[in-house]
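Engineer: I am attaching a structure below and will ask some questions about it afterwards.
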Amino acid sequence: MARVQVTPETFTLVDYDAGAIAGLTEELAAKTGFPDDVDITVEIDEELPLPLTGATADVVDGRAALWFSGANFEDGRYRTHFDEPVARTELAIGLLRAADRLGPGFADAPVDEQLSDAHRHAWEVWAEGRVARLGEHTRRVRRLYHFRLYNGFTDVADAAFERLWSADALAWSDIEAICAECAASDPRPALKKKGSIRRETLKAASG
Amino acid sequence: MKKILPVEELARDSRFVRARIEDAISDPRQAKVSERNTGSARLEPARPAAADRARQLMHGIFVGEIQALEGAGRTTFDFDDDEIPFQLKLDMARQCWDESRHCEISVKLSEHMGSEIGEFTEATFLYEAACAPDALLRLTGVNRALEGLAIDVFNTMKEFGDVSGDPVLAACEDWMLADEVTHVKMGSDWLRRLTENDPERRERALEFQRTVDKLFSLGGFRGETDENPIQLARKFREMAGFSTEEIDDLSEVATEAQEEARAAADALHGVASGD
C-alpha cells in the first residue's frame, strides 16, 4: 500500500487529480520533514466550493489524517479548477500540523474539530509561517485577517501574529498562552460556538 | 465615443476573469451544499469559513462598484439634453465621483482582508442591468434596484464589521452606506419627477425594477430570514424613499427568487442522479 492515500480516487465534481495530489503530498512531506514511517491519508470533500474553505489535521491510529474542503484547492478565478500553489500551501500546513501532533509538545491538543477557532487559527499561523520559510507560496495578509477575526483586531493580537509567524518551535501550551493573551485584550463579547461544514460533524451534531 | 456600450466592451485588464451567473446556478455542488444543514446563513464570525466568505463578498462589492461607476457614467453620456434633464446628468456625475471613491475603498478593504484584485471572478450582470435604452429604466434598474442592493450589502458588511470587532471594515462600510442611501433617494426623486404626469410609464419602470430586484436576490442571496446571507435593510431603504409596501414587495420577490432557485436546483439534482 502506498504511503499516501487520497480520497476520493476519482473526482467527479471538480477537475482535481488524486494521483497528482498524492504526488504533491509526498513531495511536501519530504520538504517539511514529515516522518518517513508515518502513513498519510488525504480526504477531500469535493462537494464544497469556494468560499466554503475548511481543513483538519489529526493523527488517527498512528497515521496523519488530513481532511480538506474542496474549496481549499480551488482556483477562485476558474470554477472547479485546481490551484496548485494554493494546494501546496494547504497540504504543507496540514502536514506540519499533523507532525506537530506526533511530537510530545502537542500531546494535549484537542482534535481539530474540538479546537476553538482562536486556537485553530493561531496554530495555522505558526504552520503557514514555517511554510513561508520553506520558500513556498503563502498568503500572509489573508492569514492575518483570519487570525484577527478570532483573536481580535487589536495591537496585542497583531504582535501575537508576528510571534507565531516567525516562531521556530512551539508547544500546545504556547498556543494556549498566546490566545489567552489575545483574549484578555479583546473588547468583543465571547464569540458564538463555531459552526461546521464537514458532513461527519454535522451528522454527529444532529444525531 | 460610442453610446450604449455593450458589456463585452468594458475595459478590464488581464487580472479580471468573467463568470456567468448560469455557471454558478448549474454547479451541482450548490445543490449538495444546500442539503447540509450548516445553520444560519447570516454573515457572522462563528459561521464556517466566515473569513473567506467575507473576502469573496468584499471582492464582489469591489467589482460591483466598478460596474456601478460605469453604469452611472454611461447615463451622463448616453442621453442627449433633450432626452433627460441636465440636472439628472449632474446627479449621475456626482454618483460617479462617489462610486470611484467606493472602488478605491473596496480595493483597500480587500487588501485589508488579504485579497488581491482578480482573486475571484467578476459577474457583470450589474452592468447589464444598468444599460437599459430608456433612462427611466436606468433610474429604477440602477438607482433603486442596484443601489438598493448595495444598501443591503453594505449594511450586512457593516454589521459583520461591528460583530467581528473590525473597526476598519465597519467604518468604511458605514460611510459607503450613507452614499448609497443618497443614490437610491436620487433614483426615487427623479422617478417621481419624470413620471409625474405619466403613471403608466412609471408603472412600466417599476415593473422593470421588480425584474431586476428578483435577479439581484440571486436565488436566496438576499432576504429577511436566517437562510439569507444578505439581509434586507428596511430602515435604510425607508430613508432612501422606499415605502413600507415597496419593501414588503421586495421581501416577497426575494422569497420567490429563493423558492425558484431551490426548485431549479432540485430539478437539476434529479437529472444528475437519474431520478
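Numbering starts fresh at 1 for the residues of each chain in the C-alpha cells, the chains themselves are lettered A, B, ... in the order given, and ligands are numbered from 1 as they appear.
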Set the cut-off to 9 Å and count only C-alpha atoms: what are the residues of chain A that reach chain B? Output as an mmCIF file with N, CA, C and O atoms, in the first residue's frame.

Structural biologist:
```cif
data_model
loop_
_atom_site.group_PDB
_atom_site.id
_atom_site.type_symbol
_atom_site.label_atom_id
_atom_site.label_comp_id
_atom_site.auth_asym_id
_atom_site.auth_seq_id
_atom_site.Cartn_x
_atom_site.Cartn_y
_atom_site.Cartn_z
ATOM 1 N N LEU A 13 -16.877 16.030 -9.434
ATOM 2 C CA LEU A 13 -17.469 17.371 -9.423
ATOM 3 C C LEU A 13 -16.450 18.472 -9.698
ATOM 4 O O LEU A 13 -16.828 19.600 -10.022
ATOM 5 N N GLU A 46 -15.166 17.047 -2.213
ATOM 6 C CA GLU A 46 -15.303 17.790 -3.471
ATOM 7 C C GLU A 46 -16.650 18.488 -3.606
ATOM 8 O O GLU A 46 -16.870 19.237 -4.550
ATOM 9 N N GLU A 47 -17.569 18.244 -2.672
ATOM 10 C CA GLU A 47 -18.889 18.893 -2.759
ATOM 11 C C GLU A 47 -18.842 20.357 -2.306
ATOM 12 O O GLU A 47 -19.794 21.095 -2.529
ATOM 13 N N LEU A 48 -17.775 20.745 -1.639
ATOM 14 C CA LEU A 48 -17.717 22.103 -1.082
ATOM 15 C C LEU A 48 -16.951 23.054 -2.001
ATOM 16 O O LEU A 48 -15.750 22.892 -2.208
ATOM 17 N N PRO A 49 -17.646 24.066 -2.563
ATOM 18 C CA PRO A 49 -16.974 25.040 -3.440
ATOM 19 C C PRO A 49 -16.466 26.252 -2.654
ATOM 20 O O PRO A 49 -16.841 26.442 -1.492
ATOM 21 N N LEU A 50 -15.643 27.048 -3.295
ATOM 22 C CA LEU A 50 -15.275 28.337 -2.700
ATOM 23 C C LEU A 50 -16.540 29.147 -2.451
ATOM 24 O O LEU A 50 -17.469 29.079 -3.251
ATOM 25 N N PRO A 51 -16.634 29.895 -1.386
ATOM 26 C CA PRO A 51 -15.606 30.170 -0.375
ATOM 27 C C PRO A 51 -15.693 29.252 0.860
ATOM 28 O O PRO A 51 -15.197 29.638 1.918
ATOM 29 N N LEU A 52 -16.303 28.079 0.726
ATOM 30 C CA LEU A 52 -16.509 27.220 1.905
ATOM 31 C C LEU A 52 -15.253 26.427 2.251
ATOM 32 O O LEU A 52 -15.213 25.204 2.149
ATOM 33 N N THR A 53 -14.235 27.131 2.659
ATOM 34 C CA THR A 53 -12.969 26.502 2.990
ATOM 35 C C THR A 53 -13.016 25.859 4.374
ATOM 36 O O THR A 53 -13.836 26.237 5.213
ATOM 37 N N GLY A 54 -12.134 24.916 4.607
ATOM 38 C CA GLY A 54 -12.031 24.276 5.918
ATOM 39 C C GLY A 54 -11.040 23.130 5.814
ATOM 40 O O GLY A 54 -10.884 22.540 4.745
ATOM 41 N N ASP A 75 -9.336 27.132 -7.617
ATOM 42 C CA ASP A 75 -8.913 28.405 -8.203
ATOM 43 C C ASP A 75 -10.105 29.366 -8.169
ATOM 44 O O ASP A 75 -11.148 29.066 -8.759
ATOM 45 N N GLY A 76 -9.953 30.498 -7.505
ATOM 46 C CA GLY A 76 -11.057 31.449 -7.378
ATOM 47 C C GLY A 76 -11.480 32.067 -8.690
ATOM 48 O O GLY A 76 -12.566 32.627 -8.802
ATOM 49 N N ARG A 77 -10.625 31.967 -9.700
ATOM 50 C CA ARG A 77 -10.958 32.591 -10.995
ATOM 51 C C ARG A 77 -11.619 31.617 -11.951
ATOM 52 O O ARG A 77 -12.326 32.012 -12.863
ATOM 53 N N TYR A 78 -11.324 30.326 -11.768
ATOM 54 C CA TYR A 78 -11.879 29.323 -12.676
ATOM 55 C C TYR A 78 -12.548 28.226 -11.854
ATOM 56 O O TYR A 78 -11.862 27.402 -11.228
ATOM 57 N N ARG A 79 -13.869 28.264 -11.842
ATOM 58 C CA ARG A 79 -14.681 27.345 -11.042
ATOM 59 C C ARG A 79 -14.276 25.895 -11.276
ATOM 60 O O ARG A 79 -14.091 25.485 -12.428
ATOM 61 N N ASP A 117 -11.937 28.276 17.415
ATOM 62 C CA ASP A 117 -11.444 28.982 16.221
ATOM 63 C C ASP A 117 -10.163 29.750 16.538
ATOM 64 O O ASP A 117 -9.256 29.838 15.711
ATOM 65 N N ARG A 139 -0.038 33.132 1.875
ATOM 66 C CA ARG A 139 -0.912 34.310 1.826
ATOM 67 C C ARG A 139 -0.942 34.921 3.230
ATOM 68 O O ARG A 139 -1.865 34.682 4.003
ATOM 69 N N ARG A 140 0.077 35.703 3.508
ATOM 70 C CA ARG A 140 0.292 36.215 4.858
ATOM 71 C C ARG A 140 -0.841 37.138 5.333
ATOM 72 O O ARG A 140 -1.302 37.024 6.464
ATOM 73 N N VAL A 141 -1.271 38.060 4.464
ATOM 74 C CA VAL A 141 -2.283 39.029 4.907
ATOM 75 C C VAL A 141 -3.636 38.333 5.095
ATOM 76 O O VAL A 141 -4.387 38.656 6.016
ATOM 77 N N ARG A 142 -3.931 37.379 4.209
ATOM 78 C CA ARG A 142 -5.161 36.595 4.398
ATOM 79 C C ARG A 142 -5.101 35.882 5.747
ATOM 80 O O ARG A 142 -6.061 35.865 6.512
ATOM 81 N N ARG A 143 -3.959 35.299 6.052
ATOM 82 C CA ARG A 143 -3.813 34.565 7.314
ATOM 83 C C ARG A 143 -3.985 35.518 8.498
ATOM 84 O O ARG A 143 -4.597 35.182 9.506
ATOM 85 N N LEU A 144 -3.432 36.744 8.360
ATOM 86 C CA LEU A 144 -3.579 37.741 9.430
ATOM 87 C C LEU A 144 -5.058 38.074 9.640
ATOM 88 O O LEU A 144 -5.519 38.186 10.782
ATOM 89 N N TYR A 145 -5.792 38.226 8.526
ATOM 90 C CA TYR A 145 -7.219 38.550 8.656
ATOM 91 C C TYR A 145 -7.955 37.419 9.374
ATOM 92 O O TYR A 145 -8.760 37.666 10.282
ATOM 93 N N HIS A 146 -7.676 36.186 8.999
ATOM 94 C CA HIS A 146 -8.296 35.034 9.675
ATOM 95 C C HIS A 146 -7.958 35.068 11.177
ATOM 96 O O HIS A 146 -8.818 34.855 12.023
ATOM 97 N N ARG A 148 -7.013 37.635 13.069
ATOM 98 C CA ARG A 148 -7.660 38.751 13.771
ATOM 99 C C ARG A 148 -9.139 38.474 14.026
ATOM 100 O O ARG A 148 -9.682 38.864 15.063
ATOM 101 N N LEU A 149 -9.791 37.824 13.060
ATOM 102 C CA LEU A 149 -11.225 37.581 13.197
ATOM 103 C C LEU A 149 -11.531 36.773 14.451
ATOM 104 O O LEU A 149 -12.580 36.952 15.073
ATOM 105 N N TYR A 150 -10.614 35.901 14.849
ATOM 106 C CA TYR A 150 -10.884 35.036 16.007
ATOM 107 C C TYR A 150 -10.040 35.379 17.241
ATOM 108 O O TYR A 150 -10.286 34.840 18.310
ATOM 109 N N GLY A 152 -8.979 38.850 17.701
ATOM 110 C CA GLY A 152 -9.156 40.270 17.962
ATOM 111 C C GLY A 152 -8.425 41.182 16.991
ATOM 112 O O GLY A 152 -7.327 40.874 16.533
ATOM 113 N N PHE A 153 -9.075 42.306 16.701
ATOM 114 C CA PHE A 153 -8.450 43.338 15.861
ATOM 115 C C PHE A 153 -7.771 44.315 16.809
ATOM 116 O O PHE A 153 -8.226 45.445 17.008
ATOM 117 N N ASP A 186 -9.035 41.597 24.086
ATOM 118 C CA ASP A 186 -10.068 41.664 23.041
ATOM 119 C C ASP A 186 -11.363 42.223 23.642
ATOM 120 O O ASP A 186 -11.944 41.611 24.535
ATOM 121 N N PRO A 187 -11.811 43.395 23.187
ATOM 122 C CA PRO A 187 -13.000 44.006 23.803
ATOM 123 C C PRO A 187 -14.323 43.351 23.400
ATOM 124 O O PRO A 187 -15.364 43.677 23.967
ATOM 125 N N ARG A 188 -14.296 42.434 22.440
ATOM 126 C CA ARG A 188 -15.559 41.851 21.950
ATOM 127 C C ARG A 188 -16.165 40.901 22.988
ATOM 128 O O ARG A 188 -15.428 40.244 23.738
ATOM 129 N N PRO A 189 -17.474 40.761 22.984
ATOM 130 C CA PRO A 189 -18.067 39.688 23.793
ATOM 131 C C PRO A 189 -17.617 38.351 23.205
ATOM 132 O O PRO A 189 -17.213 38.287 22.032
ATOM 133 N N LEU A 191 -17.241 35.081 21.277
ATOM 134 C CA LEU A 191 -17.871 34.709 20.017
ATOM 135 C C LEU A 191 -18.739 33.479 20.219
ATOM 136 O O LEU A 191 -18.503 32.673 21.124
ATOM 137 N N LYS A 192 -19.750 33.350 19.345
ATOM 138 C CA LYS A 192 -20.630 32.176 19.422
ATOM 139 C C LYS A 192 -19.828 30.917 19.132
ATOM 140 O O LYS A 192 -18.748 30.972 18.548
ATOM 141 N N LYS A 193 -20.417 29.774 19.496
ATOM 142 C CA LYS A 193 -19.773 28.494 19.211
ATOM 143 C C LYS A 193 -19.605 28.368 17.697
ATOM 144 O O LYS A 193 -20.501 28.739 16.939
ATOM 145 N N LYS A 194 -18.477 27.827 17.261
ATOM 146 C CA LYS A 194 -18.218 27.757 15.821
ATOM 147 C C LYS A 194 -19.129 26.731 15.143
ATOM 148 O O LYS A 194 -19.565 25.755 15.742
ATOM 149 N N GLY A 195 -19.374 26.954 13.868
ATOM 150 C CA GLY A 195 -20.161 26.026 13.065
ATOM 151 C C GLY A 195 -19.255 25.072 12.321
ATOM 152 O O GLY A 195 -18.036 25.109 12.462
ATOM 153 N N SER A 196 -19.864 24.191 11.544
ATOM 154 C CA SER A 196 -19.069 23.235 10.786
ATOM 155 C C SER A 196 -19.661 23.036 9.403
ATOM 156 O O SER A 196 -20.862 23.232 9.202
ATOM 157 N N ILE A 197 -18.833 22.688 8.456
ATOM 158 C CA ILE A 197 -19.331 22.343 7.121
ATOM 159 C C ILE A 197 -19.020 20.888 6.809
ATOM 160 O O ILE A 197 -19.440 20.367 5.792
ATOM 161 N N ARG A 198 -18.285 20.234 7.704
ATOM 162 C CA ARG A 198 -17.876 18.858 7.427
ATOM 163 C C ARG A 198 -19.059 17.914 7.662
ATOM 164 O O ARG A 198 -19.699 17.970 8.712
ATOM 165 N N ARG A 199 -19.312 17.066 6.688
ATOM 166 C CA ARG A 199 -20.509 16.225 6.710
ATOM 167 C C ARG A 199 -20.594 15.375 7.975
ATOM 168 O O ARG A 199 -21.614 15.315 8.638
ATOM 169 N N LEU A 202 -21.569 17.376 11.039
ATOM 170 C CA LEU A 202 -22.970 17.778 11.016
ATOM 171 C C LEU A 202 -23.863 16.613 11.401
ATOM 172 O O LEU A 202 -24.832 16.768 12.128
#
```

Engineer: Extract, using only C-alpha atoms, all DNA, RNA and protein residues at most 10 Å from segment 72-87 of chain B, discarding same-chain residues fewer than 2 positions from it, and format them as number ranges by chain.

Structural biologist: B: 1-5, 67-70, 89-97, 99, 127, 130-136, 138-139, 142-143, 190, 194

Engineer: Write a file of the just-selected residues containing C-alpha atoms, as a PDB file, in the first residue's frame.

Structural biologist:
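Below is the file selection-v7.pdb, written as the result:
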```pdb
ATOM      1  CA  MET B   1     -17.327  57.873 -28.215  1.00  0.00           C
ATOM      2  CA  LYS B   2     -19.859  55.077 -28.560  1.00  0.00           C
ATOM      3  CA  LYS B   3     -23.260  55.364 -26.915  1.00  0.00           C
ATOM      4  CA  ILE B   4     -24.824  52.348 -25.127  1.00  0.00           C
ATOM      5  CA  LEU B   5     -21.605  50.386 -24.585  1.00  0.00           C
ATOM      6  CA  GLN B  67     -19.827  48.480 -12.717  1.00  0.00           C
ATOM      7  CA  ALA B  68     -21.901  50.996 -10.750  1.00  0.00           C
ATOM      8  CA  LEU B  69     -19.373  53.658 -11.762  1.00  0.00           C
ATOM      9  CA  GLU B  70     -19.575  52.541 -15.370  1.00  0.00           C
ATOM     10  CA  LYS B  89     -26.875  64.126 -15.560  1.00  0.00           C
ATOM     11  CA  LEU B  90     -25.229  66.207 -12.843  1.00  0.00           C
ATOM     12  CA  ASP B  91     -26.629  63.865 -10.220  1.00  0.00           C
ATOM     13  CA  MET B  92     -25.225  60.899 -12.157  1.00  0.00           C
ATOM     14  CA  ALA B  93     -21.854  62.672 -12.392  1.00  0.00           C
ATOM     15  CA  ARG B  94     -21.871  63.152  -8.621  1.00  0.00           C
ATOM     16  CA  GLN B  95     -22.703  59.474  -8.280  1.00  0.00           C
ATOM     17  CA  CYS B  96     -19.689  58.614 -10.463  1.00  0.00           C
ATOM     18  CA  TRP B  97     -17.495  60.535  -8.064  1.00  0.00           C
ATOM     19  CA  GLU B  99     -18.551  55.211  -6.958  1.00  0.00           C
ATOM     20  CA  TYR B 127     -23.653  46.480 -15.587  1.00  0.00           C
ATOM     21  CA  ALA B 130     -27.572  49.276 -15.973  1.00  0.00           C
ATOM     22  CA  CYS B 131     -27.688  49.513 -19.768  1.00  0.00           C
ATOM     23  CA  ALA B 132     -31.403  49.852 -20.494  1.00  0.00           C
ATOM     24  CA  PRO B 133     -32.061  52.106 -23.511  1.00  0.00           C
ATOM     25  CA  ASP B 134     -34.661  54.111 -21.541  1.00  0.00           C
ATOM     26  CA  ALA B 135     -33.187  56.483 -18.942  1.00  0.00           C
ATOM     27  CA  LEU B 136     -36.177  55.932 -16.698  1.00  0.00           C
ATOM     28  CA  ARG B 138     -31.910  53.033 -15.505  1.00  0.00           C
ATOM     29  CA  LEU B 139     -33.274  55.056 -12.610  1.00  0.00           C
ATOM     30  CA  VAL B 142     -29.679  51.097 -11.323  1.00  0.00           C
ATOM     31  CA  ASN B 143     -30.537  53.658  -8.668  1.00  0.00           C
ATOM     32  CA  TRP B 190     -36.183  61.518 -10.331  1.00  0.00           C
ATOM     33  CA  LEU B 194     -40.112  62.319 -14.642  1.00  0.00           C
TER      34      LEU B 194
END
```

Engineer: Excluding segment 60-64 of chain B and residues on its chain fewer than 6 positions from it, collect all residues at most 9 Å away from it, counting only C-alpha atoms, and give them as number ranges by chain.

Structural biologist: B: 102-107, 110, 117, 120-124, 126-127, 150, 153-154

Engineer: Write the residues of the selection above to a file with all heavy atoms, as a short mmCIF file (atom, residue, chain, number, x, y, z; two decimals), in the first residue's frame.

Structural biologist:
```
data_model
loop_
_atom_site.label_atom_id
_atom_site.label_comp_id
_atom_site.auth_asym_id
_atom_site.auth_seq_id
_atom_site.Cartn_x
_atom_site.Cartn_y
_atom_site.Cartn_z
N HIS B 102 -15.73 54.65 -3.84
CA HIS B 102 -16.08 53.32 -3.34
C HIS B 102 -15.15 52.25 -3.91
O HIS B 102 -14.80 51.29 -3.22
CB HIS B 102 -17.53 52.96 -3.68
CG HIS B 102 -18.53 53.82 -2.99
ND1 HIS B 102 -19.88 53.64 -3.12
CD2 HIS B 102 -18.39 54.89 -2.15
CE1 HIS B 102 -20.53 54.55 -2.40
NE2 HIS B 102 -19.63 55.32 -1.82
N CYS B 103 -14.79 52.41 -5.19
CA CYS B 103 -13.85 51.44 -5.80
C CYS B 103 -12.54 51.44 -5.02
O CYS B 103 -11.99 50.39 -4.68
CB CYS B 103 -13.55 51.80 -7.26
SG CYS B 103 -14.91 51.48 -8.38
N GLU B 104 -12.04 52.65 -4.75
CA GLU B 104 -10.75 52.74 -4.04
C GLU B 104 -10.87 52.17 -2.63
O GLU B 104 -9.98 51.46 -2.15
CB GLU B 104 -10.28 54.19 -4.00
CG GLU B 104 -9.93 54.72 -5.39
CD GLU B 104 -9.16 56.03 -5.34
OE1 GLU B 104 -8.72 56.43 -4.24
OE2 GLU B 104 -9.01 56.65 -6.40
N ILE B 105 -11.98 52.50 -1.96
CA ILE B 105 -12.18 51.97 -0.60
C ILE B 105 -12.26 50.44 -0.64
O ILE B 105 -11.69 49.75 0.21
CB ILE B 105 -13.45 52.57 0.04
CG1 ILE B 105 -13.27 54.07 0.30
CG2 ILE B 105 -13.81 51.86 1.34
CD1 ILE B 105 -14.56 54.80 0.70
N SER B 106 -12.98 49.92 -1.63
CA SER B 106 -13.17 48.46 -1.72
C SER B 106 -11.84 47.74 -2.00
O SER B 106 -11.61 46.64 -1.49
CB SER B 106 -14.18 48.12 -2.80
OG SER B 106 -15.42 48.71 -2.52
N VAL B 107 -11.00 48.36 -2.82
CA VAL B 107 -9.68 47.76 -3.06
C VAL B 107 -8.89 47.71 -1.76
O VAL B 107 -8.28 46.69 -1.41
CB VAL B 107 -8.90 48.57 -4.13
CG1 VAL B 107 -7.44 48.12 -4.19
CG2 VAL B 107 -9.53 48.40 -5.50
N SER B 110 -10.28 45.11 0.50
CA SER B 110 -9.88 43.78 0.04
C SER B 110 -8.44 43.48 0.47
O SER B 110 -8.14 42.37 0.93
CB SER B 110 -10.00 43.68 -1.49
OG SER B 110 -11.37 43.66 -1.86
N ILE B 117 -6.79 41.88 -6.28
CA ILE B 117 -7.72 42.16 -7.37
C ILE B 117 -7.67 40.98 -8.34
O ILE B 117 -6.59 40.55 -8.75
CB ILE B 117 -7.31 43.46 -8.09
CG1 ILE B 117 -7.52 44.67 -7.17
CG2 ILE B 117 -8.11 43.63 -9.39
CD1 ILE B 117 -7.05 45.99 -7.75
N PHE B 120 -10.97 36.51 -7.30
CA PHE B 120 -12.25 35.84 -7.57
C PHE B 120 -12.79 36.37 -8.90
O PHE B 120 -12.32 37.38 -9.42
CB PHE B 120 -13.25 36.12 -6.43
CG PHE B 120 -12.75 35.66 -5.08
CD1 PHE B 120 -12.22 36.57 -4.18
CD2 PHE B 120 -12.80 34.33 -4.72
CE1 PHE B 120 -11.76 36.16 -2.93
CE2 PHE B 120 -12.35 33.90 -3.47
CZ PHE B 120 -11.82 34.82 -2.58
N THR B 121 -13.80 35.68 -9.40
CA THR B 121 -14.35 36.06 -10.71
C THR B 121 -15.19 37.34 -10.63
O THR B 121 -15.56 37.79 -9.54
CB THR B 121 -15.26 34.94 -11.26
OG1 THR B 121 -16.21 34.61 -10.25
CG2 THR B 121 -14.46 33.73 -11.64
N GLU B 122 -15.48 37.89 -11.80
CA GLU B 122 -16.36 39.05 -11.88
C GLU B 122 -17.61 38.66 -12.66
O GLU B 122 -17.52 38.22 -13.80
CB GLU B 122 -15.67 40.21 -12.61
CG GLU B 122 -16.60 41.41 -12.78
CD GLU B 122 -16.00 42.56 -13.58
OE1 GLU B 122 -14.97 42.35 -14.28
OE2 GLU B 122 -16.57 43.66 -13.53
N ALA B 123 -18.77 38.83 -12.05
CA ALA B 123 -20.04 38.66 -12.76
C ALA B 123 -20.49 40.04 -13.21
O ALA B 123 -20.41 41.00 -12.43
CB ALA B 123 -21.08 38.02 -11.85
N THR B 124 -20.94 40.17 -14.44
CA THR B 124 -21.22 41.51 -14.97
C THR B 124 -22.71 41.82 -15.09
O THR B 124 -23.10 42.74 -15.79
CB THR B 124 -20.56 41.68 -16.36
OG1 THR B 124 -20.91 40.56 -17.17
CG2 THR B 124 -19.06 41.80 -16.24
N LEU B 126 -24.59 43.24 -13.08
CA LEU B 126 -24.93 44.56 -12.57
C LEU B 126 -24.87 45.58 -13.70
O LEU B 126 -25.79 46.38 -13.90
CB LEU B 126 -23.98 44.98 -11.44
CG LEU B 126 -23.98 44.13 -10.17
CD1 LEU B 126 -23.05 44.73 -9.14
CD2 LEU B 126 -25.37 44.04 -9.59
N TYR B 127 -23.78 45.53 -14.46
CA TYR B 127 -23.65 46.48 -15.59
C TYR B 127 -24.73 46.21 -16.63
O TYR B 127 -25.31 47.15 -17.20
CB TYR B 127 -22.27 46.37 -16.23
CG TYR B 127 -22.10 47.33 -17.39
CD1 TYR B 127 -21.84 48.67 -17.17
CD2 TYR B 127 -22.25 46.89 -18.70
CE1 TYR B 127 -21.73 49.56 -18.22
CE2 TYR B 127 -22.14 47.77 -19.77
CZ TYR B 127 -21.88 49.11 -19.53
OH TYR B 127 -21.77 49.98 -20.58
N ALA B 150 -27.02 47.52 -2.96
CA ALA B 150 -25.80 48.00 -2.28
C ALA B 150 -26.11 48.39 -0.84
O ALA B 150 -25.31 48.14 0.07
CB ALA B 150 -25.20 49.17 -3.05
N VAL B 153 -26.23 45.14 1.07
CA VAL B 153 -24.91 44.50 1.19
C VAL B 153 -24.04 45.29 2.16
O VAL B 153 -23.38 44.71 3.05
CB VAL B 153 -24.21 44.40 -0.19
CG1 VAL B 153 -22.77 43.96 -0.03
CG2 VAL B 153 -24.96 43.42 -1.09
N PHE B 154 -24.02 46.61 2.02
CA PHE B 154 -23.15 47.42 2.89
C PHE B 154 -23.62 47.34 4.35
O PHE B 154 -22.81 47.31 5.26
CB PHE B 154 -23.11 48.87 2.43
CG PHE B 154 -22.32 49.06 1.17
CD1 PHE B 154 -22.50 50.17 0.37
CD2 PHE B 154 -21.38 48.12 0.78
CE1 PHE B 154 -21.77 50.35 -0.80
CE2 PHE B 154 -20.65 48.29 -0.39
CZ PHE B 154 -20.84 49.40 -1.17
#
```

Engineer: With a distance cut-off of 7 Å and only C-alpha atoms, select the neighbouring residues of segment 102-114 of chain A, excluding the residue or stretch itself and same-chain residues fewer than 4 positions from it, and output the selection as a list in words.

Structural biologist: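 Near neighbours after the sequence-gap exclusion: Thr56, Ala57, Asp58, Ala98, Ala171 and Trp172 of chain A.
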
Engineer: Using C-alpha atoms, can you export the residues from the last selection as a compact mmCIF listing (two decimals), in the first residue's frame?

Structural biologist:
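Below you can see result36.txt, which holds the result:
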```txt
# COMPACT_ATOMS: atom_id res chain seq x y z
CA THR A 56 -8.43 19.45 9.73
CA ALA A 57 -5.14 17.73 10.56
CA ASP A 58 -5.23 14.95 13.13
CA ALA A 98 -0.01 16.63 11.84
CA ALA A 171 4.15 23.61 22.07
CA TRP A 172 0.39 23.44 22.54
```

Engineer: Run DSSP on the backbone and give me the residues of segment 2-202 of chain A it puts in helix (DSSP H, G or I), as number ranges by chain.

Structural biologist: A: 18-32, 70-73, 84-102, 104-106, 112-114, 117-133, 140-151, 155-166, 172-185, 199-202

Engineer: Would you please give, as a list of chain:residue names, all residues of chain A that DSSP assigns to strand (DSSP E) based on the backbone?

Structural biologist: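 Everything in chain A that counts as strand (DSSP E) is A:Val4, A:Gln5, A:Val6, A:Thr7, A:Ile40, A:Thr41, A:Val42, A:Glu43, A:Ile44, A:Asp45, A:Ala55, A:Thr56, A:Ala57, A:Asp58, A:Val59, A:Val60, A:Arg63, A:Ala64, A:Ala65, A:Leu66, A:Trp67, A:Phe68, A:Ser69.
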
Engineer: Could you name the residues that touch Gly62 of chain A at 10 Å or less, counting only C-alpha atoms, but leaving out those on the same chain fewer than 3 positions away, as a PyMOL selection string?

Structural biologist: chain A and resi 37-40+58-59+65+102

Engineer: Quick one: residues within 8 Å of Ile175 of chain A, only C-alpha atoms counted, chain neighbours fewer than 3 positions away excluded, as an mmCIF file with N, CA and C atoms, in the first residue's frame?

Structural biologist:
```
data_model
loop_
_atom_site.group_PDB
_atom_site.id
_atom_site.type_symbol
_atom_site.label_atom_id
_atom_site.label_comp_id
_atom_site.auth_asym_id
_atom_site.auth_seq_id
_atom_site.Cartn_x
_atom_site.Cartn_y
_atom_site.Cartn_z
ATOM 1 N N HIS A 119 -7.749 29.093 18.786
ATOM 2 C CA HIS A 119 -6.585 28.196 18.854
ATOM 3 C C HIS A 119 -6.221 27.663 17.473
ATOM 4 N N ALA A 122 -4.535 30.292 15.375
ATOM 5 C CA ALA A 122 -3.184 30.597 15.874
ATOM 6 C C ALA A 122 -2.198 29.517 15.419
ATOM 7 N N TRP A 123 -2.627 28.283 15.545
ATOM 8 C CA TRP A 123 -1.758 27.159 15.143
ATOM 9 C C TRP A 123 -1.468 27.229 13.640
ATOM 10 N N LEU A 170 7.276 25.656 18.983
ATOM 11 C CA LEU A 170 6.210 25.970 19.940
ATOM 12 C C LEU A 170 5.595 24.668 20.437
ATOM 13 N N ALA A 171 4.919 24.749 21.555
ATOM 14 C CA ALA A 171 4.154 23.609 22.071
ATOM 15 C C ALA A 171 2.697 24.064 22.194
ATOM 16 N N TRP A 172 1.800 23.104 22.413
ATOM 17 C CA TRP A 172 0.385 23.439 22.544
ATOM 18 C C TRP A 172 0.159 24.458 23.652
ATOM 19 N N ILE A 178 -0.701 32.202 24.124
ATOM 20 C CA ILE A 178 -0.805 33.334 23.184
ATOM 21 C C ILE A 178 -2.270 33.716 22.976
ATOM 22 N N CYS A 179 -3.129 32.713 22.816
ATOM 23 C CA CYS A 179 -4.557 33.002 22.614
ATOM 24 C C CYS A 179 -5.174 33.637 23.863
#
```
